[in-house]
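A.B. asks: See data.txt below, with compact mmCIF, C-alpha atoms.
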# COMPACT_ATOMS: atom_id res chain seq x y z
CA MET I 127 -20.29 -91.48 -26.85
CA ARG I 128 -23.04 -89.75 -24.93
CA SER I 129 -26.00 -88.59 -26.94
CA TYR I 130 -27.28 -85.02 -26.70
CA GLN I 131 -30.27 -84.63 -24.37
CA PRO I 132 -32.28 -81.50 -25.15
CA ASP I 133 -33.69 -79.36 -22.33
CA LEU I 134 -37.44 -79.97 -22.52
CA THR I 135 -38.31 -77.54 -19.69
CA PRO I 136 -40.85 -75.02 -20.99
CA PRO I 137 -39.24 -71.58 -21.43
CA TRP I 138 -41.62 -69.97 -18.94
CA LYS I 139 -40.42 -72.37 -16.20
CA ARG I 140 -36.73 -71.78 -16.74
CA SER I 141 -34.97 -69.48 -14.28
CA ALA I 142 -33.42 -66.54 -16.03
CA PRO I 143 -29.69 -66.26 -15.32
CA ALA I 144 -29.02 -63.71 -12.61
CA PRO I 145 -26.58 -60.95 -13.53
CA GLU I 146 -23.27 -60.99 -11.70
CA VAL I 147 -22.57 -57.81 -9.73
CA PRO I 148 -19.22 -57.01 -8.08
CA ALA I 149 -19.65 -56.64 -4.33
CA GLU I 150 -18.07 -53.20 -4.19
CA PRO I 151 -17.95 -51.33 -0.85
CA ASP I 152 -21.11 -49.24 -0.21
CA LEU I 153 -23.24 -51.37 -2.58
CA VAL I 154 -26.60 -51.87 -0.82
CA VAL I 155 -28.27 -55.25 -1.29
CA GLU I 156 -30.83 -57.46 0.42
CA GLU I 157 -30.12 -61.11 1.25
CA VAL I 158 -33.00 -63.12 -0.23
CA SER I 159 -33.56 -65.69 2.52
CA THR I 160 -33.42 -63.39 5.55
CA GLY I 161 -34.41 -59.99 4.16
CA PHE I 162 -31.36 -58.42 5.81
CA CYS I 163 -30.53 -55.20 3.96
CA GLY I 164 -27.18 -53.51 4.22
CA ALA I 165 -24.13 -52.03 2.56
CA VAL I 166 -21.17 -54.17 1.54
CA ILE I 167 -18.30 -53.79 3.99
CA ARG I 168 -15.90 -56.43 2.67
CA CYS I 169 -15.55 -59.73 0.84
CA GLU I 170 -13.37 -62.60 1.99
CA LYS I 171 -12.52 -66.23 1.34
CA THR I 172 -13.81 -68.82 3.79
CA ALA I 173 -13.61 -72.60 4.00
CA GLN I 174 -17.14 -72.75 2.57
CA GLY I 175 -16.40 -70.32 -0.27
CA PRO I 176 -16.51 -66.54 -0.76
CA ALA I 177 -18.56 -64.52 1.73
CA VAL I 178 -19.69 -60.92 2.01
CA THR I 179 -20.19 -58.81 5.14
CA LEU I 180 -23.13 -56.40 5.14
CA GLU I 181 -23.79 -53.51 7.53
CA ASP I 182 -27.30 -52.18 8.07
CA ARG I 183 -28.23 -48.60 8.94
CA PHE I 184 -27.95 -49.35 12.66
CA GLY I 185 -24.35 -50.57 12.33
CA LYS I 186 -25.18 -54.27 12.67
CA HIS I 187 -22.92 -56.62 10.68
CA ARG I 188 -23.86 -59.99 9.18
CA VAL I 189 -21.87 -62.36 6.98
CA PHE I 190 -23.51 -64.21 4.08
CA PRO I 191 -22.19 -66.73 1.54
CA MET I 192 -22.03 -65.32 -1.98
CA GLU I 193 -24.32 -67.92 -3.48
CA PRO I 194 -25.84 -67.68 -6.97
CA ARG I 195 -29.07 -65.65 -7.00
CA GLY I 196 -28.54 -64.90 -3.32
CA PHE I 197 -29.24 -61.17 -3.21
CA LEU I 198 -31.61 -58.46 -4.38
CA LEU I 199 -30.32 -55.24 -5.88
CA GLU I 200 -33.06 -52.63 -6.29
CA GLY I 201 -35.59 -55.46 -6.32
CA ARG I 202 -33.75 -57.56 -8.91
CA VAL I 203 -32.18 -60.96 -8.15
CA VAL I 204 -28.40 -60.87 -8.61
CA THR I 205 -25.35 -62.97 -7.93
CA LEU I 206 -22.65 -61.15 -6.00
CA VAL I 207 -19.08 -61.81 -7.06
CA ARG I 208 -15.80 -60.65 -5.60
CA PRO I 209 -14.71 -57.30 -7.02
CA PRO I 210 -11.35 -56.84 -8.75
CA ALA I 211 -8.40 -56.78 -6.39
CA GLY I 212 -7.84 -53.42 -4.77
CA GLY I 213 -7.36 -51.65 -1.48
CA PRO I 214 -10.12 -51.54 1.12
CA VAL I 215 -12.50 -48.60 0.96
CA ARG I 216 -14.30 -47.21 3.98
CA PRO I 217 -18.05 -46.93 3.47
CA ALA I 218 -19.36 -43.40 3.00
CA ARG I 219 -21.51 -42.12 5.86
CA THR I 220 -24.57 -39.92 6.05
CA ALA I 221 -24.74 -36.94 8.38
CA SER I 222 -26.33 -39.23 11.01
CA GLY I 223 -23.36 -41.60 10.89
CA SER I 224 -25.16 -44.46 9.13
CA VAL I 225 -23.94 -46.07 5.91
CA ALA I 226 -24.68 -43.89 2.90
CA VAL I 227 -26.64 -45.43 0.04
CA PRO I 228 -25.41 -43.85 -3.20
CA GLY I 229 -28.20 -43.33 -5.72
CA ALA I 230 -30.84 -44.79 -3.41
CA ARG I 231 -34.43 -43.93 -4.21
CA ALA I 232 -36.72 -42.52 -1.56
CA ARG I 233 -39.14 -45.10 -0.21
CA VAL I 234 -42.87 -44.50 -0.51
CA ALA I 235 -43.94 -42.72 2.68
CA ARG I 236 -45.04 -44.93 5.54
CA ALA I 237 -48.32 -44.44 7.34
CA GLY I 238 -46.30 -43.81 10.50
CA ARG I 239 -44.98 -40.34 11.25
CA ILE I 240 -42.62 -38.44 13.50
CA TYR I 241 -43.97 -35.22 14.96
CA VAL I 242 -41.70 -32.49 16.31
CA GLU I 243 -42.69 -29.25 18.02
CA GLY I 244 -41.60 -26.60 15.55
CA ARG I 245 -40.06 -25.76 12.22
CA HIS I 246 -36.56 -25.43 13.64
CA ASP I 247 -36.80 -28.93 15.12
CA ALA I 248 -37.91 -30.30 11.75
CA GLU I 249 -35.11 -28.54 9.88
CA LEU I 250 -32.48 -29.85 12.28
CA VAL I 251 -33.79 -33.42 12.00
CA GLU I 252 -33.76 -33.09 8.21
CA ARG I 253 -30.20 -31.74 8.25
CA VAL I 254 -28.82 -34.75 10.13
CA TRP I 255 -31.22 -37.62 9.45
CA GLY I 256 -32.77 -36.61 6.11
CA ASP I 257 -31.03 -39.29 4.01
CA ASP I 258 -32.02 -42.04 6.45
CA LEU I 259 -35.61 -40.83 6.69
CA ARG I 260 -36.07 -40.83 2.91
CA ILE I 261 -34.70 -44.37 2.59
CA GLU I 262 -37.00 -45.54 5.40
CA GLY I 263 -40.02 -43.62 4.06
CA VAL I 264 -40.52 -41.67 7.29
CA VAL I 265 -42.15 -38.24 7.12
CA VAL I 266 -41.42 -35.61 9.80
CA GLU I 267 -44.08 -32.99 10.52
CA TYR I 268 -44.05 -30.09 12.98
CA LEU I 269 -46.88 -29.14 15.31
CA GLU I 270 -46.15 -25.58 16.52
CA GLY I 271 -46.27 -26.78 20.11
CA VAL I 272 -47.64 -29.80 21.98
CA ASP I 273 -50.41 -28.25 24.06
CA ASP I 274 -53.02 -30.20 22.07
CA LEU I 275 -50.96 -33.40 21.80
CA PRO I 276 -53.63 -35.84 23.14
CA ALA I 277 -56.17 -34.56 20.60
CA ILE I 278 -53.55 -34.68 17.83
CA VAL I 279 -52.81 -38.32 18.67
CA ARG I 280 -56.50 -39.24 18.60
CA GLU I 281 -56.90 -37.57 15.22
CA PHE I 282 -53.87 -39.43 13.85
CA ALA I 283 -55.45 -42.77 14.95
CA PRO I 284 -52.21 -44.74 15.44
CA GLY I 285 -52.09 -48.51 15.01
CA PRO I 286 -49.65 -51.39 14.42
CA GLY I 287 -49.00 -50.30 10.84
CA ALA I 288 -49.08 -46.57 11.59
CA ARG I 289 -46.94 -45.83 14.60
CA LEU I 290 -46.48 -42.27 15.77
CA GLY I 291 -43.32 -40.87 17.35
CA VAL I 292 -43.26 -37.47 19.03
CA LEU I 293 -40.20 -35.41 19.96
CA VAL I 294 -40.88 -32.88 22.73
CA ASP I 295 -38.71 -29.96 23.84
CA HIS I 296 -37.94 -29.48 27.55
CA LEU I 297 -39.29 -32.87 28.59
CA VAL I 298 -38.09 -32.85 32.20
CA PRO I 299 -39.85 -33.92 35.43
CA GLY I 300 -42.42 -31.38 36.59
CA SER I 301 -42.57 -29.42 33.34
CA LYS I 302 -45.77 -28.61 31.49
CA GLU I 303 -44.49 -30.75 28.64
CA SER I 304 -44.03 -33.79 30.89
CA ARG I 305 -47.62 -33.50 32.15
CA ILE I 306 -48.96 -33.32 28.60
CA ALA I 307 -46.84 -36.28 27.48
CA ALA I 308 -48.09 -38.37 30.41
CA ARG I 309 -51.64 -38.11 29.02
CA VAL I 310 -50.63 -40.05 25.89
CA THR I 311 -50.86 -43.76 26.71
CA ASP I 312 -51.45 -45.42 23.32
CA GLU I 313 -49.09 -48.37 22.84
CA HIS I 314 -48.53 -47.34 19.22
CA VAL I 315 -47.27 -43.88 20.21
CA LEU I 316 -43.84 -43.11 21.60
CA VAL I 317 -43.28 -39.69 23.17
CA VAL I 318 -39.67 -38.84 23.99
CA GLY I 319 -37.89 -35.57 24.56
CA HIS I 320 -34.72 -33.71 25.35
CA PRO I 321 -34.04 -31.46 28.34
CA TYR I 322 -33.39 -28.25 26.41
CA ILE I 323 -35.74 -25.26 26.48
CA ASP I 324 -35.39 -25.04 22.71
CA VAL I 325 -33.78 -27.24 20.08
CA TRP I 326 -31.15 -24.51 19.54
CA GLU I 327 -29.50 -25.75 22.75
CA ALA I 328 -29.19 -29.25 21.29
CA VAL I 329 -26.47 -27.91 18.98
CA LYS I 330 -23.10 -28.05 20.71
CA PRO I 331 -21.86 -24.57 21.65
CA SER I 332 -18.43 -25.36 20.21
CA SER I 333 -20.01 -26.02 16.80
CA VAL I 334 -21.63 -22.58 16.87
CA GLY I 335 -18.42 -20.90 18.04
CA ILE I 336 -19.56 -19.94 21.55
CA ASP I 337 -18.46 -21.08 24.99
CA ALA I 338 -21.96 -21.96 26.20
CA TRP I 339 -25.60 -21.21 25.59
CA PRO I 340 -26.55 -18.22 27.78
CA VAL I 341 -29.02 -18.42 30.64
CA VAL I 342 -32.07 -16.33 29.80
CA PRO I 343 -34.08 -14.94 32.75
CA ARG I 344 -37.59 -16.27 33.14
CA GLY I 345 -40.24 -14.14 31.52
CA GLN I 346 -38.13 -13.25 28.49
CA ASP I 347 -38.50 -14.78 25.07
CA TRP I 348 -35.72 -17.35 25.14
CA LYS I 349 -34.52 -17.00 21.55
CA THR I 350 -34.51 -13.21 21.68
CA GLY I 351 -32.68 -13.36 25.00
CA VAL I 352 -30.04 -15.61 23.49
CA CYS I 353 -29.47 -13.17 20.64
CA ARG I 354 -29.10 -10.29 23.11
CA ALA I 355 -26.71 -12.16 25.38
CA LEU I 356 -24.50 -13.21 22.46
CA GLY I 357 -24.54 -9.78 20.83
CA TRP I 358 -26.34 -11.06 17.75
CA PRO I 359 -28.96 -8.98 15.92
CA GLU I 360 -32.38 -9.67 17.43
CA ASN I 361 -33.52 -11.55 14.35
CA THR I 362 -34.26 -15.08 15.53
CA GLY I 363 -34.85 -16.36 12.00
CA ALA I 364 -31.40 -15.21 10.86
CA ALA I 365 -29.86 -16.50 14.09
CA TRP I 366 -31.33 -19.96 13.48
CA GLN I 367 -30.02 -20.06 9.93
CA HIS I 368 -26.55 -19.25 11.28
CA ILE I 369 -26.85 -22.04 13.88
CA LEU I 370 -28.16 -24.56 11.35
CA SER I 371 -25.35 -23.73 8.92
CA ARG I 372 -22.84 -24.87 11.54
CA VAL I 373 -24.37 -28.34 11.78
CA GLY I 374 -22.61 -30.73 9.42
CA SER I 375 -23.30 -34.07 11.08
CA TYR I 376 -24.43 -35.82 14.24
CA LYS I 377 -21.11 -34.82 15.84
CA ASP I 378 -22.43 -31.25 16.15
CA LEU I 379 -25.42 -32.32 18.29
CA GLU I 380 -25.74 -33.22 21.95
CA PRO I 381 -26.21 -36.93 22.78
CA GLN I 382 -29.51 -36.17 24.57
CA LEU I 383 -31.05 -35.31 21.20
CA LEU I 384 -29.24 -37.92 19.10
CA GLY I 385 -30.48 -40.85 21.13
CA ARG I 386 -34.08 -39.67 21.16
CA VAL I 387 -34.33 -39.17 17.39
CA GLU I 388 -32.76 -42.58 16.70
CA GLU I 389 -35.24 -44.09 19.15
CA LEU I 390 -38.17 -42.56 17.28
CA ILE I 391 -36.91 -43.74 13.88
CA ASP I 392 -36.53 -47.27 15.23
CA PHE I 393 -40.03 -47.16 16.71
CA VAL I 394 -41.92 -45.99 13.63
CA THR I 395 -40.04 -48.37 11.29
CA LEU I 396 -40.73 -51.53 13.28
CA PRO I 397 -42.55 -54.11 11.14
CA GLY I 398 -46.31 -53.78 11.49
Is it possible to express this structure as structure tokens?
C.D. replies:
Amino acid sequence: MRSYQPDLTPPWKRSAPAPEVPAEPDLVVEEVSTGFCGAVIRCEKTAQGPAVTLEDRFGKHRVFPMEPRGFLLEGRVVTLVRPPAGGPVRPARTASGSVAVPGARARVARAGRIYVEGRHDAELVERVWGDDLRIEGVVVEYLEGVDDLPAIVREFAPGPGARLGVLVDHLVPGSKESRIAARVTDEHVLVVGHPYIDVWEAVKPSSVGIDAWPVVPRGQDWKTGVCRALGWPENTGAAWQHILSRVGSYKDLEPQLLGRVEELIDFVTLPG
């Protein structure tokens, strides 16, 4: 008969048992050895044991074994286990199309920033990418124009841990905006833009209920000209609120804007 052998390991050196958490769809965890963070897509049996597939905010999938103490949930070590049997559930999505993170806390703001030209630009970015930006800790500020962009960049003092992204309206060859952007050469600054005169045009006409954005003659205030051409009251603030109310997700925006904003988010969230 085997004799009882007491555990003589001091209590402070013993590993506390990790709680078991069902790997339900949409649960966001971090794999401890790689730091990969993503939402649970599915669990499955493999020859090596149960495994879980995670999807990060960029849509990248990775498969990890469901080992004891293998994941972090809100900073706490946990053991993922297979959830009770049930039908597959599609992950919820944010307005930008990335995986939603139910109950996620906003990250402390990064030193890096994204600058946009005006308040309407900032409100549109918030409408579509707000959930993602809060999780990533990215603050968006508006400049009321980019005429002083080189001086603004110098004042910001960008660096490896404080990257700056700038979204510019009407960034096309030969424009005033393109000449200003060309003067910014800091490697820690990324200036990108869309071809539209104003961010209003980046909203698909079909989402607003019009056939196309009107052509406004040179010399006229563009927003006022749009209101006149469409028969709207010449109240650009009210017109913008109407336009913004018709934006429910990334599907309501033109690809030329979508790609540029995603590019800026990627740039400012790169590890320092």
A.B. asks: May I have the protein, DNA and RNA residues with any atom at most 12 Å from the point (-49.0, -50.9, 13.8), counting only C-alpha atoms, written as a list in words?
C.D. replies: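 The residues near that point, listed by chain and number, are Arg236, Ala237, Gly238, Arg239, Ala283, Pro284, Gly285, Pro286, Gly287, Ala288, Arg289, Leu290, Asp312, Glu313, His314, Val315, Phe393, Val394, Thr395, Leu396, Pro397 and Gly398 of chain I.
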A.B. asks: Name all residues at most 8 Å from stretch 189-199 of chain I (count only C-alpha atoms; drop same-chain ones fewer than 2 positions away) and give them as an NGL selection string.
C.D. replies: :I and (144 or 154-159 or 174-180 or 187 or 201-207)
A.B. asks: Rounded to one decimal in Å, what is the spacing between atom CA of I:Gly244 and atom CA of I:Gly357?
C.D. replies: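 Answer for the atom CA of I:Gly244 to atom CA of I:Gly357 separation: 24.5 Å.
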A.B. asks: For a test of reading the model, state the distance in Å between atom CA of I:Glu181 and atom CA of I:Glu262, rounded to one decimal.
C.D. replies: 15.6 Å
A.B. asks: Rounded to one decimal, what separation in Å do you get between atom CA of I:Val334 and atom CA of I:Leu379?
C.D. replies: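 So the answer is 10.5 Å.
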A.B. asks: Need the shell around I:Glu252: protein/DNA/RNA residues with any atom at most 12 Å away, counting only C-alpha atoms. Skip same-chain ones fewer than 6 positions apart. Format as a list in words?
C.D. replies: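 After dropping sequence-adjacent residues, the list is Thr220, Ala221, Ser222, Ile240, Val242, Arg245, His246, Asp258, Leu259, Arg260, Val264, Val265, Val266, Glu267, Tyr268, Leu370, Val373, Gly374, Ser375, Tyr376 and Val387 of chain I.
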A.B. asks: Looking at I:Arg208, I:Thr172, I:Asp257, I:Ser304, which one is nearest to I:Ala149, with distances taken over only C-alpha atoms?
C.D. replies: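 Closest residue, counting only C-alpha atoms: I:Arg208.
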A.B. asks: From the options I:Glu281, I:Ala165, I:Trp348, I:Val292, which residue's atoms come nearest to I:Ala248, counting only C-alpha atoms?
C.D. replies: I:Val292
A.B. asks: Give the centre and edge lengths of an axis-aligned box, in Å to one decimal, that holds all listed atoms of stretch 313-322 of chain I with 6 Å on each side, as AutoDock Vina command-line options.
C.D. replies:
--center_x -41.2 --center_y -38.3 --center_z 23.8 --size_x 27.7 --size_y 32.1 --size_z 21.1
A.B. asks: Please work out which residues fall within 12 Å of (-22.8, -35.8, 24.1), coordinates as given in the file, with all atoms listed in the file counting, and return them as a ChimeraX atom specification.
C.D. replies: /I:328-332,376-385
A.B. asks: With distances taken over only C-alpha atoms, which of I:Ala307, I:Lys171, I:Glu200, I:Glu327 is nearest to I:Leu250?
C.D. replies: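 Of the candidates, the smallest distance to I:Leu250 is held by I:Glu327.
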A.B. asks: Could you model all heavy atoms for stretch 152-163 of chain I and present them as a PDB file, keeping the file's coordinate frame?
C.D. replies:
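Generated file (result38.pdb):
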ATOM      1  N   ASP I 152     -19.979 -50.179  -0.180  1.00  0.00           N
ATOM      2  CA  ASP I 152     -21.110 -49.240  -0.210  1.00  0.00           C
ATOM      3  C   ASP I 152     -22.288 -49.744  -1.040  1.00  0.00           C
ATOM      4  O   ASP I 152     -23.362 -49.146  -0.989  1.00  0.00           O
ATOM      5  CB  ASP I 152     -20.725 -47.852  -0.729  1.00  0.00           C
ATOM      6  CG  ASP I 152     -19.800 -47.112   0.220  1.00  0.00           C
ATOM      7  OD1 ASP I 152     -19.628 -47.584   1.356  1.00  0.00           O
ATOM      8  OD2 ASP I 152     -19.258 -46.073  -0.175  1.00  0.00           O
ATOM      9  N   LEU I 153     -22.120 -50.829  -1.822  1.00  0.00           N
ATOM     10  CA  LEU I 153     -23.240 -51.370  -2.580  1.00  0.00           C
ATOM     11  C   LEU I 153     -24.285 -51.885  -1.587  1.00  0.00           C
ATOM     12  O   LEU I 153     -23.969 -52.669  -0.695  1.00  0.00           O
ATOM     13  CB  LEU I 153     -22.785 -52.498  -3.493  1.00  0.00           C
ATOM     14  CG  LEU I 153     -23.872 -53.158  -4.348  1.00  0.00           C
ATOM     15  CD1 LEU I 153     -24.284 -52.217  -5.482  1.00  0.00           C
ATOM     16  CD2 LEU I 153     -23.377 -54.491  -4.908  1.00  0.00           C
ATOM     17  N   VAL I 154     -25.538 -51.470  -1.739  1.00  0.00           N
ATOM     18  CA  VAL I 154     -26.600 -51.870  -0.820  1.00  0.00           C
ATOM     19  C   VAL I 154     -27.433 -52.971  -1.458  1.00  0.00           C
ATOM     20  O   VAL I 154     -27.985 -52.786  -2.551  1.00  0.00           O
ATOM     21  CB  VAL I 154     -27.490 -50.678  -0.446  1.00  0.00           C
ATOM     22  CG1 VAL I 154     -28.661 -51.128   0.439  1.00  0.00           C
ATOM     23  CG2 VAL I 154     -26.678 -49.620   0.279  1.00  0.00           C
ATOM     24  N   VAL I 155     -27.520 -54.102  -0.783  1.00  0.00           N
ATOM     25  CA  VAL I 155     -28.270 -55.250  -1.290  1.00  0.00           C
ATOM     26  C   VAL I 155     -29.093 -55.857  -0.160  1.00  0.00           C
ATOM     27  O   VAL I 155     -28.884 -55.555   1.019  1.00  0.00           O
ATOM     28  CB  VAL I 155     -27.321 -56.329  -1.871  1.00  0.00           C
ATOM     29  CG1 VAL I 155     -26.606 -55.815  -3.111  1.00  0.00           C
ATOM     30  CG2 VAL I 155     -26.314 -56.792  -0.825  1.00  0.00           C
ATOM     31  N   GLU I 156     -29.998 -56.735  -0.544  1.00  0.00           N
ATOM     32  CA  GLU I 156     -30.830 -57.460   0.420  1.00  0.00           C
ATOM     33  C   GLU I 156     -30.604 -58.950   0.234  1.00  0.00           C
ATOM     34  O   GLU I 156     -30.668 -59.455  -0.889  1.00  0.00           O
ATOM     35  CB  GLU I 156     -32.298 -57.119   0.216  1.00  0.00           C
ATOM     36  CG  GLU I 156     -33.242 -57.871   1.151  1.00  0.00           C
ATOM     37  CD  GLU I 156     -34.695 -57.524   0.897  1.00  0.00           C
ATOM     38  OE1 GLU I 156     -34.958 -56.428   0.341  1.00  0.00           O
ATOM     39  OE2 GLU I 156     -35.567 -58.356   1.235  1.00  0.00           O
ATOM     40  N   GLU I 157     -30.316 -59.659   1.315  1.00  0.00           N
ATOM     41  CA  GLU I 157     -30.120 -61.110   1.250  1.00  0.00           C
ATOM     42  C   GLU I 157     -31.495 -61.770   1.127  1.00  0.00           C
ATOM     43  O   GLU I 157     -32.403 -61.470   1.897  1.00  0.00           O
ATOM     44  CB  GLU I 157     -29.385 -61.594   2.504  1.00  0.00           C
ATOM     45  CG  GLU I 157     -28.661 -62.917   2.314  1.00  0.00           C
ATOM     46  CD  GLU I 157     -29.586 -64.106   2.515  1.00  0.00           C
ATOM     47  OE1 GLU I 157     -30.539 -63.975   3.313  1.00  0.00           O
ATOM     48  OE2 GLU I 157     -29.374 -65.149   1.874  1.00  0.00           O
ATOM     49  N   VAL I 158     -31.660 -62.666   0.132  1.00  0.00           N
ATOM     50  CA  VAL I 158     -33.000 -63.120  -0.230  1.00  0.00           C
ATOM     51  C   VAL I 158     -33.669 -63.968   0.846  1.00  0.00           C
ATOM     52  O   VAL I 158     -34.895 -63.899   1.021  1.00  0.00           O
ATOM     53  CB  VAL I 158     -32.966 -63.902  -1.569  1.00  0.00           C
ATOM     54  CG1 VAL I 158     -32.572 -63.003  -2.714  1.00  0.00           C
ATOM     55  CG2 VAL I 158     -32.022 -65.097  -1.483  1.00  0.00           C
ATOM     56  N   SER I 159     -32.926 -64.761   1.587  1.00  0.00           N
ATOM     57  CA  SER I 159     -33.560 -65.690   2.520  1.00  0.00           C
ATOM     58  C   SER I 159     -33.914 -65.046   3.852  1.00  0.00           C
ATOM     59  O   SER I 159     -34.853 -65.478   4.530  1.00  0.00           O
ATOM     60  CB  SER I 159     -32.663 -66.907   2.768  1.00  0.00           C
ATOM     61  OG  SER I 159     -31.436 -66.519   3.362  1.00  0.00           O
ATOM     62  N   THR I 160     -33.186 -64.014   4.252  1.00  0.00           N
ATOM     63  CA  THR I 160     -33.420 -63.390   5.550  1.00  0.00           C
ATOM     64  C   THR I 160     -34.038 -62.000   5.452  1.00  0.00           C
ATOM     65  O   THR I 160     -34.599 -61.502   6.428  1.00  0.00           O
ATOM     66  CB  THR I 160     -32.104 -63.264   6.339  1.00  0.00           C
ATOM     67  OG1 THR I 160     -31.216 -62.381   5.624  1.00  0.00           O
ATOM     68  CG2 THR I 160     -31.448 -64.620   6.522  1.00  0.00           C
ATOM     69  N   GLY I 161     -33.914 -61.354   4.297  1.00  0.00           N
ATOM     70  CA  GLY I 161     -34.410 -59.990   4.160  1.00  0.00           C
ATOM     71  C   GLY I 161     -33.494 -58.946   4.757  1.00  0.00           C
ATOM     72  O   GLY I 161     -33.825 -57.765   4.789  1.00  0.00           O
ATOM     73  N   PHE I 162     -32.313 -59.369   5.225  1.00  0.00           N
ATOM     74  CA  PHE I 162     -31.360 -58.420   5.810  1.00  0.00           C
ATOM     75  C   PHE I 162     -30.838 -57.499   4.714  1.00  0.00           C
ATOM     76  O   PHE I 162     -30.341 -57.954   3.690  1.00  0.00           O
ATOM     77  CB  PHE I 162     -30.196 -59.160   6.464  1.00  0.00           C
ATOM     78  CG  PHE I 162     -29.229 -58.277   7.208  1.00  0.00           C
ATOM     79  CD1 PHE I 162     -29.427 -57.988   8.543  1.00  0.00           C
ATOM     80  CD2 PHE I 162     -28.123 -57.736   6.573  1.00  0.00           C
ATOM     81  CE1 PHE I 162     -28.532 -57.181   9.241  1.00  0.00           C
ATOM     82  CE2 PHE I 162     -27.228 -56.924   7.255  1.00  0.00           C
ATOM     83  CZ  PHE I 162     -27.433 -56.653   8.593  1.00  0.00           C
ATOM     84  N   CYS I 163     -30.951 -56.189   4.947  1.00  0.00           N
ATOM     85  CA  CYS I 163     -30.530 -55.200   3.960  1.00  0.00           C
ATOM     86  C   CYS I 163     -29.375 -54.399   4.523  1.00  0.00           C
ATOM     87  O   CYS I 163     -29.436 -53.924   5.664  1.00  0.00           O
ATOM     88  CB  CYS I 163     -31.699 -54.280   3.604  1.00  0.00           C
ATOM     89  SG  CYS I 163     -31.302 -53.064   2.329  1.00  0.00           S
TER      90      CYS I 163
END
